Protein chains: 4
Amino acid sequence: MFFASDNTSPVAPQVLAALERANAGYAAGYGSDAVTQEVRAMIRDTLDAPQAAVHLVGTGTAANALSLALFCPPWAAVYCHRVAHVEEDECGAPEFYTGGAKLVLIDGDHARMDPAALADSIAFTARAGVHNVQRGMVTLTNATEAGTIYTPDEVAAIADIARAHGLPVHMDGARFANAVARLGCHPADLTWRAGVDVLSFGGTKNGLMGVEAVVIFNPEKAWEFELRRKRGGHLFSKHRYLAAQMQAYLADGLWLQLAGQANAMADRLSAGIAALPQARLVHPTQANAVFAAWPRDGHRRAQDAGAAYYLWPGNQTMEGPGDEQVAARLVASWCTTPDEVDSFLSLIG
Amino acid sequence: MFFASDNTSPVAPQVLAALERANAGYAAGYGSDAVTQEVRAMIRDTLDAPQAAVHLVGTGTAANALSLALFCPPWAAVYCHRVAHVEEDECGAPEFYTGGAKLVLIDGDHARMDPAALADSIAFTARAGVHNVQRGMVTLTNATEAGTIYTPDEVAAIADIARAHGLPVHMDGARFANAVARLGCHPADLTWRAGVDVLSFGGTKNGLMGVEAVVIFNPEKAWEFELRRKRGGHLFSKHRYLAAQMQAYLADGLWLQLAGQANAMADRLSAGIAALPQARLVHPTQANAVFAAWPRDGHRRAQDAGAAYYLWPGNQTMEGPGDEQVAARLVASWCTTPDEVDSFLSLIG
Amino acid sequence: MFFASDNTSPVAPQVLAALERANAGYAAGYGSDAVTQEVRAMIRDTLDAPQAAVHLVGTGTAANALSLALFCPPWAAVYCHRVAHVEEDECGAPEFYTGGAKLVLIDGDHARMDPAALADSIAFTARAGVHNVQRGMVTLTNATEAGTIYTPDEVAAIADIARAHGLPVHMDGARFANAVARLGCHPADLTWRAGVDVLSFGGTKNGLMGVEAVVIFNPEKAWEFELRRKRGGHLFSKHRYLAAQMQAYLADGLWLQLAGQANAMADRLSAGIAALPQARLVHPTQANAVFAAWPRDGHRRAQDAGAAYYLWPGNQTMEGPGDEQVAARLVASWCTTPDEVDSFLSLIG
Amino acid sequence: MFFASDNTSPVAPQVLAALERANAGYAAGYGSDAVTQEVRAMIRDTLDAPQAAVHLVGTGTAANALSLALFCPPWAAVYCHRVAHVEEDECGAPEFYTGGAKLVLIDGDHARMDPAALADSIAFTARAGVHNVQRGMVTLTNATEAGTIYTPDEVAAIADIARAHGLPVHMDGARFANAVARLGCHPADLTWRAGVDVLSFGGTKNGLMGVEAVVIFNPEKAWEFELRRKRGGHLFSKHRYLAAQMQAYLADGLWLQLAGQANAMADRLSAGIAALPQARLVHPTQANAVFAAWPRDGHRRAQDAGAAYYLWPGNQTMEGPGDEQVAARLVASWCTTPDEVDSFLSLIG
């Protein structure tokens with residue numbers, strides 16, 4: 001019953017097998033190996049983006065911060081949702097990599113930016129010319145930090161506002177697979193066809209050991225990205241091992257299969273909780289995370305039985321009346337089992 | 001015959017096996033797993049430094065740049081050898097992470113800083129007070145970029161100069177194992193007992209997939225390092241896989257065994273070249289790299305047969321008279337075989 | 001009728017005379033001249049802070065950004081009011097000088113931080129440890145951007161919250177003179193005795209040509225400030241001309257006299273507007289700026305007659321119904337005359 | 001006998017008079033005043049560069065560092081002479097403003113870059129692709145830090161090398177007036193016609209209080225400069241006072257007249273020293289500074305009589321044998337008198 005995060009899961013067996021296969025003989029370093037070339041082609045195919053530049057890094061924070069730095073000058077604003085990972089969970093990596101850009105926080109239900117709020121904020125920015133931070137770029141997360149998703153139309157609604165001001169758009173896709181698996185759409189429809197310029201294509205949370213791809217749909221800035229990646233210490237010498245993971249991930253649709261499993265387990269959890277008389281969902285369950293509240297006594301039983309997850313928001317505690325509602329985040333992963341879910345439900349119900 | 005770099009080698013089988021063992025069930029992320037704790041203890045034991053702070057990162061550039069940033073303010077000088085990796089091969093990562101510190105280049109034979117040159121340079125720095133960049137810290141590489149080493153006494157000679165000015169000392173130990181294996185000394189004698197404050201303890205070039213440890217001997221700055229690492233995007237969520245590699249590396253002296261193999265192959269290559277009538281060594285062979293020159297015709301035979309290595313310095317070419325001396329760098333690794341060495345020697349001789 | 005900003009005013013005659021006096025013969029550069037030493041002593045006396053470090057710079061943005069950089073690490077939060085000058089009017093200078101700190105916006109009426117909102121925000125920060133930006137420092141503006149002031153007790157209420165978390169406090173005193181003149185308090189009571197660690201002591205908006213003093217009450221960081229100032233390009237070689245201005249400003253209470261004149265003219269303007277049947281004050285008038293709204297027709301008459309001021313907030317326009325309320329900011333300065341005020345009032349009424 | 005620096009001189013009387021004239025009534029801030037517009041036109045005329053963007057700042061360090069930051073990305077090299085002001089006297093301001101660019105030091109006699117050495121250094125840079133800092137830009141100082149000058153042809157020789165690699169060229173013209181006055185050439189011939197892209201047009205060392213102009217010959221980056229200047233805290237609100245100084249400086253050729261006076265006094269000093277039997281010039285005297293050596297006893301007599309200047313290089317002392325040669329820097333300014341020079345000569349001879 002480990003619902004603390006999808007990054008507490010192990011690596012998918014197909015991925016480990018790929019690492020073993022990659023471990024034969026010498027290979028050129030820094031991305032000059034054959035597997036890396038193949039992975040680039042696979043990602044371009046997957047996204048139907050034959051010109052896109054593809055770069056691998058080891059962490060989601062690196063993927064996001066480097067992407068933002070590539071498109072946003074130091075004196076400009078990055079518009080993001082108030083609870084975006086770049087704002088809340090990266091210890092200021094975006095500010096570090098951009099050289100001091102300002103994250104401007106946009107509200108919106110269930111961790112999705114409200115387009116009108118975004119438009120207002122952009123309109124407000126740089127109203128006094130040189131005295132203000134300028135308009136920079138927009139970043140949105142899909143699937144979001146609240147376990148919700150943007151549809152292609154919803155992404156396009158955000159991107160259209162950005163476009164109208166000439167601003168590039170980044171998508172933090174640490175859980176991109178979960179969004180695509182849920183929507184059943186073509187990944188291109190959720191990204192460049194909807195107006196996304198650069199995508200953090202996540203793997204780590206969905207069965208890899210530690211690999212994310214940055215996909216730049218217009219490759220003009222590819223060389224600058226290479227320099228920024230190296231300068232950030234994110235160019236791996238034994239690059240074949242990153243490539244091998246990603247190769248396995250993309251082969252035979254493994255990435256969507258793993259995400260589908262995680263989503264299904266979140267659905268099972270969500271449906272189970274929704275059926276409990278004392279419980280309620282805090283956010284709709286659209287990806288692999290469930291945000292819900294139920295009485296503290298249920299939390300006590302679950303935690304006594306070893307269930308791992310976070311109270312959410314984090315200022316809640318296990319101290320207090322047993323019948324008081326306490327909210328939590330429960331994240332399913334590719335390896336979550338129906339038994340884990342059902343055991344958990346039986347404890348909290 | 002792959003002598004291009006030790007980072008073109010595969011991962012040692014013991015390390016791959018460790019990754020498989022680590023891949024069982026859930027594990028807390030970001031370094032809170034049990035293996036990471038164990039690895040910290042193992043490194044402290046290895047270095048006889050029970051108080052040291054130990055942090056894992058994925059690349060040598062990250063280890064170095066974060067170490068320098070931890071100890072050198074933006075307005076100060078990092079004294080390093082003219083051919084140091086931090087100066088030549090990190091695309092300005094030290095400048096990026098420190099916020100713009102100045103690398104001041106020190107000369108010295110065979111990539112080893114000359115202590116007198118270092119002392120002169122420090123004395124010159126900040127001579128005009130606030131107008132100048134200030135004295136910051138010293139970094140030295142062991143084994144060096146020229147395949148030579150500093151003995152404990154030589155490290156101490158450098159560190160004593162730094163100490164006399166209150167400056168911290170960093171050691172870039174991307175090939176630390178090769179230096180220790182060669183010297184047969186205690187790793188503590190080569191580091192903190194000689195005056196080193198922070199060590200990049202390398203693994204990637206010596207059989208790991210991509211892990212380096214930063215060891216801070218005085219742990220007061222450990223928390224700041226954590227923040228800098230996270231902010232740089234170098235905190236891995238599935239941290240157990242970094243830890244597992246390092247655990248296997250340290251267990252049963254594997255790190256020194258692998259480095260010893262690489263050193264022995266470099267010795268065999270070096271002795272073979274030295275015995276050739278038309279060849280000469282450019283630097284003494286003290287670690288796992290051989291720098292030597294021999295006639296261009298010999299290079300042609302080797303490269304036609306598929307040997308991989310770099311002409312060094314890089315401004316030389318394969319164009320020109322066949323009997324002209326052309327210099328090269330040949331790097332042996334843990335998996336270099338006597339057969340590879342002997343085949344190569346027979347081609348160039 | 002020039003109410004656009006107090007920085008559109010000329011230099012006070014006493015200040016210009018001081019520049020002429022200073023212009024005799026040679027003088028040591030970079031602050032080593034005699035007048036600079038004297039000014040340091042005068043500011044220490046004025047603030048009853050004999051140990052304070054005093055540094056002159058040429059702009060308020062430099063004073064603020066350098067002050068924040070001195071006390072806030074790159075990975076931390078600067079808590080400021082949502083409309084603070086550091087947030088809205090410095091094009092990201094605080095982010096630039098701090099190396100990417102995050103400005104966290106606190107609400108509160110009339111541009112004054114609400115202590116409870118500040119406390120909540122601090123409590124929320126760094127809740128997830130290394131993943132979050134850390135707690136850094138607090139900055140408040142006095143007099144504020146809305147023409148209001150904090151009393152010594154109100155400053156202390158803010159500073160006490162900061163103190164409780166070990167956070168330093170900066171005061172942006174671009175209009176510090178206006179606050180002190182209004183309160184009639186001792187400047188020490190409004191700063192270090194209330195818990196302020198570093199003060200931007202403004203002069204430019206109150207009759208100087210371009211000089212602000214940064215006062216660091218605990219001088220331990222004085223040398224670091226010197227280095228940051230030089231590195232930022234803010235150390236003037238012909239420093240005597242900055243010092244001469246500040247000397248004249250402090251002599252015989254000129255700074256409070258000038259501020260008192262400006263405040264009095266704002267009072268006259270404010271009282272006049274408040275007496276108009278169709279007008280209302282947006283913020284209480286406590287310093288030298290009046291924020292008020294009146295019908296658009298009144299604005300038209302004033303602007304046709306050449307009155308200069310800003311509609312505030314800036315998204316309002318002169319297009320629209322003549323009887324619609326339109327808000328504006330009117331700033332008085334040391335050289336505003338009763339005639340200017342009265343002429344203006346007669347136009348808008 | 002004040003030869004310590006040209007920045008110890010007072011302000012020219014015409015400049016002070018201009019400040020007084022400027023001090024009348026209200027004026028729009030931040031460069032929107034009429035005098036600033038006029039100054040822009042005057043500088044364009046002076047440089048025969050009708051399209052150039054012109055921006056005023058308060059210090060030479062700001063002018064230089066902002067100019068470099070405008071043209072050099074953080075991951076690139078700024079080629080400068082080993083003793084350039086940007087390397088030696090700005091406490092790392094170029095590194096700060098560029099975000100960590102690397103200053104690569106070029107040798108050459110008398111503080112003038114040797115074109116061949118520059119060409120070699122550029123050729124060496126970025127030889128290993130992404131692993132290295134990239135080629136960025138070239139900066140040269142005219143007149144140099146050694147009191148020598150580059151002729152238009154010599155500037156062109158440097159700039160041609162830069163151009164051949166697509167690199168922009170900056171000229172640090174803190175003493176540009178001294179170079180132009182000496183050469184008698186058109187300022188355009190020494191700058192854009194010779195290949196210079198951006199010029200720090202100095203005023204402070206030559207009779208102003210503290211104003212330098214940054215002239216960008218291709219104005220495409222003018223807006224970015226505005227943002228960088230504001231963000232650096234170098235946009236003055238009461239901008240008219242900077243403009244007034246520069247206006248007086250340019251009117252009626254005052255800038256060249258003042259520089260001519262300084263140059264003439266340096267010539268007188270230089271000729272006098274050269275005529276002394278025990279003295280010798282260290283560098284040719286081509287601008288307003290004399291670098292020479294003479295016996296320590298002569299220094300003692302001069303210093304006892306109150307002469308102010310620096311021993312140069314700074315590691316020499318007044319301790320030691322009286323007949324030992326000790327070198328010094330003597331800087332003449334617009335207000336140096338023949339009497340001062342002759343008194344000094346009579347002391348050291």
# chains A, B, ... in the order shown; residues from 1 in each chain; ligands from 1
$ residues_around --residues "Tyr249 (chain C)" --least-positions-apart "2" --cutoff "8 Å" --atoms "only C-alpha atoms" --output "ChimeraX atom specification"
/C:14-15,203,208,245-247,251,253-255
$ interface_residues --of "chain C" --to "chain D" --cutoff "8 Å" --atoms "only C-alpha atoms" --output "MDAnalysis selection string"
chainID C and resid 2 7:11 16 20 23:29 58:62 65 90:93 96:97 204 209:210 227 230:238 241
$ closest_residue --among "D:Val35, D:Ile122, D:Ala181, D:Ile348" --to "Ala302 (chain D)" --atoms "only C-alpha atoms"
D:Ile348
$ select_by_dssp --residues "region 24-212 of chain D" --states "strand (DSSP E or B)" --output "ChimeraX atom specification"
/D:53-57,76-81,102-106,134-141,169-173,198-202,212
$ write_last_selection --atoms "C-alpha atoms" --output "PDB file, in the first residue's frame"
ATOM      1  CA  ALA D  53      21.383  53.618 -29.784  1.00  0.00           C
ATOM      2  CA  VAL D  54      22.737  55.760 -26.957  1.00  0.00           C
ATOM      3  CA  HIS D  55      22.261  55.032 -23.258  1.00  0.00           C
ATOM      4  CA  LEU D  56      23.725  56.836 -20.265  1.00  0.00           C
ATOM      5  CA  VAL D  57      24.933  55.187 -17.078  1.00  0.00           C
ATOM      6  CA  ALA D  76      30.957  32.044 -24.052  1.00  0.00           C
ATOM      7  CA  ALA D  77      34.365  33.703 -23.912  1.00  0.00           C
ATOM      8  CA  VAL D  78      35.136  37.393 -23.763  1.00  0.00           C
ATOM      9  CA  TYR D  79      38.600  37.901 -25.227  1.00  0.00           C
ATOM     10  CA  CYS D  80      40.418  40.764 -23.548  1.00  0.00           C
ATOM     11  CA  HIS D  81      43.931  41.844 -22.795  1.00  0.00           C
ATOM     12  CA  LYS D 102      34.660  33.500 -19.138  1.00  0.00           C
ATOM     13  CA  LEU D 103      37.256  36.212 -19.670  1.00  0.00           C
ATOM     14  CA  VAL D 104      40.013  34.764 -21.808  1.00  0.00           C
ATOM     15  CA  LEU D 105      43.246  36.679 -21.449  1.00  0.00           C
ATOM     16  CA  ILE D 106      45.267  37.743 -24.478  1.00  0.00           C
ATOM     17  CA  GLN D 134      32.084  28.920 -26.771  1.00  0.00           C
ATOM     18  CA  ARG D 135      33.440  31.859 -28.695  1.00  0.00           C
ATOM     19  CA  GLY D 136      31.751  35.041 -27.527  1.00  0.00           C
ATOM     20  CA  MET D 137      33.134  38.482 -28.240  1.00  0.00           C
ATOM     21  CA  VAL D 138      36.232  40.670 -28.178  1.00  0.00           C
ATOM     22  CA  THR D 139      36.788  43.745 -26.047  1.00  0.00           C
ATOM     23  CA  LEU D 140      39.660  46.175 -26.303  1.00  0.00           C
ATOM     24  CA  THR D 141      40.444  49.335 -24.361  1.00  0.00           C
ATOM     25  CA  VAL D 169      33.583  43.837 -30.713  1.00  0.00           C
ATOM     26  CA  HIS D 170      33.369  46.131 -27.715  1.00  0.00           C
ATOM     27  CA  MET D 171      35.592  49.089 -27.044  1.00  0.00           C
ATOM     28  CA  ASP D 172      36.132  50.230 -23.486  1.00  0.00           C
ATOM     29  CA  GLY D 173      36.506  53.933 -24.092  1.00  0.00           C
ATOM     30  CA  VAL D 198      29.477  48.796 -29.009  1.00  0.00           C
ATOM     31  CA  LEU D 199      31.417  51.567 -27.318  1.00  0.00           C
ATOM     32  CA  SER D 200      31.710  52.642 -23.714  1.00  0.00           C
ATOM     33  CA  PHE D 201      32.091  56.354 -24.345  1.00  0.00           C
ATOM     34  CA  GLY D 202      33.712  57.670 -21.202  1.00  0.00           C
ATOM     35  CA  GLU D 212      29.357  57.271 -19.449  1.00  0.00           C
TER      36      GLU D 212
END
$ select_by_dssp --residues "region 148-306 of chain C" --states "helix (DSSP H, G or I)" --output "ChimeraX atom specification"
/C:152-164,176-183,187-190,192-194,204-206,219-231,240-274,296-304
$ residues_around --residues "Ala259 (chain D)" --least-positions-apart "3" --cutoff "6 Å" --atoms "only C-alpha atoms" --output "list of chain:residue names"
D:Ala177, D:Asn178, D:Leu256, D:Ala262
$ atom_distance --atom1 "CA of Trp192 (chain B)" --atom2 "CA of Leu68 (chain B)"
16.3 Å
$ residues_around --residues "Pro115 (chain D)" --least-positions-apart "3" --cutoff "7 Å" --atoms "only C-alpha atoms" --output "number ranges by chain"
D: 118-119, 157-158
$ atom_distance --atom1 "CA of Met42 (chain C)" --atom2 "CA of Leu183 (chain C)"
20.9 Å
$ decode --residues "region 209-221 of chain D" --atoms "all heavy atoms" --output "CSV table (one decimal), in the first residue's frame"
chain,number,residue,atom,x,y,z
D,209,MET,N,31.1,64.3,-13.8
D,209,MET,CA,30.9,63.9,-12.4
D,209,MET,C,30.8,62.4,-12.3
D,209,MET,O,31.2,61.8,-11.3
D,209,MET,CB,29.6,64.6,-11.9
D,209,MET,CG,29.5,64.7,-10.4
D,209,MET,SD,28.0,65.7,-10.0
D,209,MET,CE,28.7,67.4,-10.0
D,210,GLY,N,30.1,61.9,-13.3
D,210,GLY,CA,29.9,60.4,-13.3
D,210,GLY,C,28.9,60.1,-14.4
D,210,GLY,O,27.7,59.7,-14.0
D,211,VAL,N,29.3,60.1,-15.6
D,211,VAL,CA,28.5,59.7,-16.7
D,211,VAL,C,29.3,59.1,-17.8
D,211,VAL,O,30.4,59.6,-18.2
D,211,VAL,CB,27.7,60.9,-17.4
D,211,VAL,CG1,26.8,60.5,-18.4
D,211,VAL,CG2,27.0,61.7,-16.3
D,212,GLU,N,28.8,58.0,-18.3
D,212,GLU,CA,29.4,57.3,-19.4
D,212,GLU,C,28.2,57.0,-20.4
D,212,GLU,O,27.1,56.7,-19.9
D,212,GLU,CB,30.0,55.9,-19.0
D,212,GLU,CG,30.9,56.0,-17.8
D,212,GLU,CD,32.3,56.5,-18.0
D,212,GLU,OE1,33.0,55.9,-18.9
D,212,GLU,OE2,32.7,57.4,-17.3
D,213,ALA,N,28.5,57.0,-21.7
D,213,ALA,CA,27.5,56.6,-22.6
D,213,ALA,C,27.8,55.3,-23.2
D,213,ALA,O,29.0,55.0,-23.6
D,213,ALA,CB,27.4,57.7,-23.8
D,214,VAL,N,26.8,54.4,-23.4
D,214,VAL,CA,27.0,53.2,-24.1
D,214,VAL,C,26.4,53.4,-25.5
D,214,VAL,O,25.2,53.8,-25.6
D,214,VAL,CB,26.3,52.0,-23.4
D,214,VAL,CG1,26.4,50.8,-24.3
D,214,VAL,CG2,27.0,51.7,-22.1
D,215,VAL,N,27.2,53.3,-26.5
D,215,VAL,CA,26.7,53.5,-27.9
D,215,VAL,C,26.7,52.2,-28.6
D,215,VAL,O,27.7,51.5,-28.8
D,215,VAL,CB,27.7,54.5,-28.6
D,215,VAL,CG1,27.1,54.8,-30.0
D,215,VAL,CG2,27.9,55.8,-27.8
D,216,ILE,N,25.5,51.8,-29.1
D,216,ILE,CA,25.3,50.5,-29.8
D,216,ILE,C,25.1,50.9,-31.2
D,216,ILE,O,24.1,51.5,-31.6
D,216,ILE,CB,24.1,49.7,-29.2
D,216,ILE,CG1,24.2,49.7,-27.7
D,216,ILE,CG2,24.1,48.3,-29.8
D,216,ILE,CD1,23.0,49.1,-27.0
D,217,PHE,N,26.0,50.5,-32.1
D,217,PHE,CA,26.0,51.0,-33.4
D,217,PHE,C,24.9,50.4,-34.3
D,217,PHE,O,24.3,51.1,-35.1
D,217,PHE,CB,27.4,50.9,-34.1
D,217,PHE,CG,28.4,51.8,-33.5
D,217,PHE,CD1,29.4,51.3,-32.6
D,217,PHE,CD2,28.3,53.2,-33.7
D,217,PHE,CE1,30.3,52.2,-32.0
D,217,PHE,CE2,29.2,54.0,-33.1
D,217,PHE,CZ,30.2,53.5,-32.3
D,218,ASN,N,24.6,49.2,-34.0
D,218,ASN,CA,23.4,48.6,-34.6
D,218,ASN,C,22.3,48.5,-33.5
D,218,ASN,O,22.5,47.8,-32.5
D,218,ASN,CB,23.7,47.1,-35.1
D,218,ASN,CG,22.5,46.4,-35.7
D,218,ASN,OD1,21.4,46.8,-35.3
D,218,ASN,ND2,22.7,45.5,-36.5
D,219,PRO,N,21.3,49.3,-33.7
D,219,PRO,CA,20.4,49.5,-32.5
D,219,PRO,C,19.4,48.4,-32.3
D,219,PRO,O,18.5,48.5,-31.4
D,219,PRO,CB,19.6,50.8,-33.0
D,219,PRO,CG,19.6,50.8,-34.4
D,219,PRO,CD,20.9,50.1,-34.9
D,220,GLU,N,19.5,47.3,-33.0
D,220,GLU,CA,18.6,46.2,-32.8
D,220,GLU,C,18.5,45.7,-31.3
D,220,GLU,O,17.4,45.3,-30.9
D,220,GLU,CB,19.0,44.9,-33.6
D,220,GLU,CG,18.5,45.0,-35.0
D,220,GLU,CD,18.9,43.8,-35.8
D,220,GLU,OE1,19.3,42.7,-35.2
D,220,GLU,OE2,18.9,43.8,-37.0
D,221,LYS,N,19.5,45.8,-30.6
D,221,LYS,CA,19.5,45.4,-29.2
D,221,LYS,C,19.2,46.5,-28.2
D,221,LYS,O,19.5,46.3,-27.0
D,221,LYS,CB,20.8,44.7,-28.9
D,221,LYS,CG,21.0,43.3,-29.5
D,221,LYS,CD,22.4,42.8,-29.2
D,221,LYS,CE,22.5,41.3,-29.6
D,221,LYS,NZ,22.1,40.4,-28.5
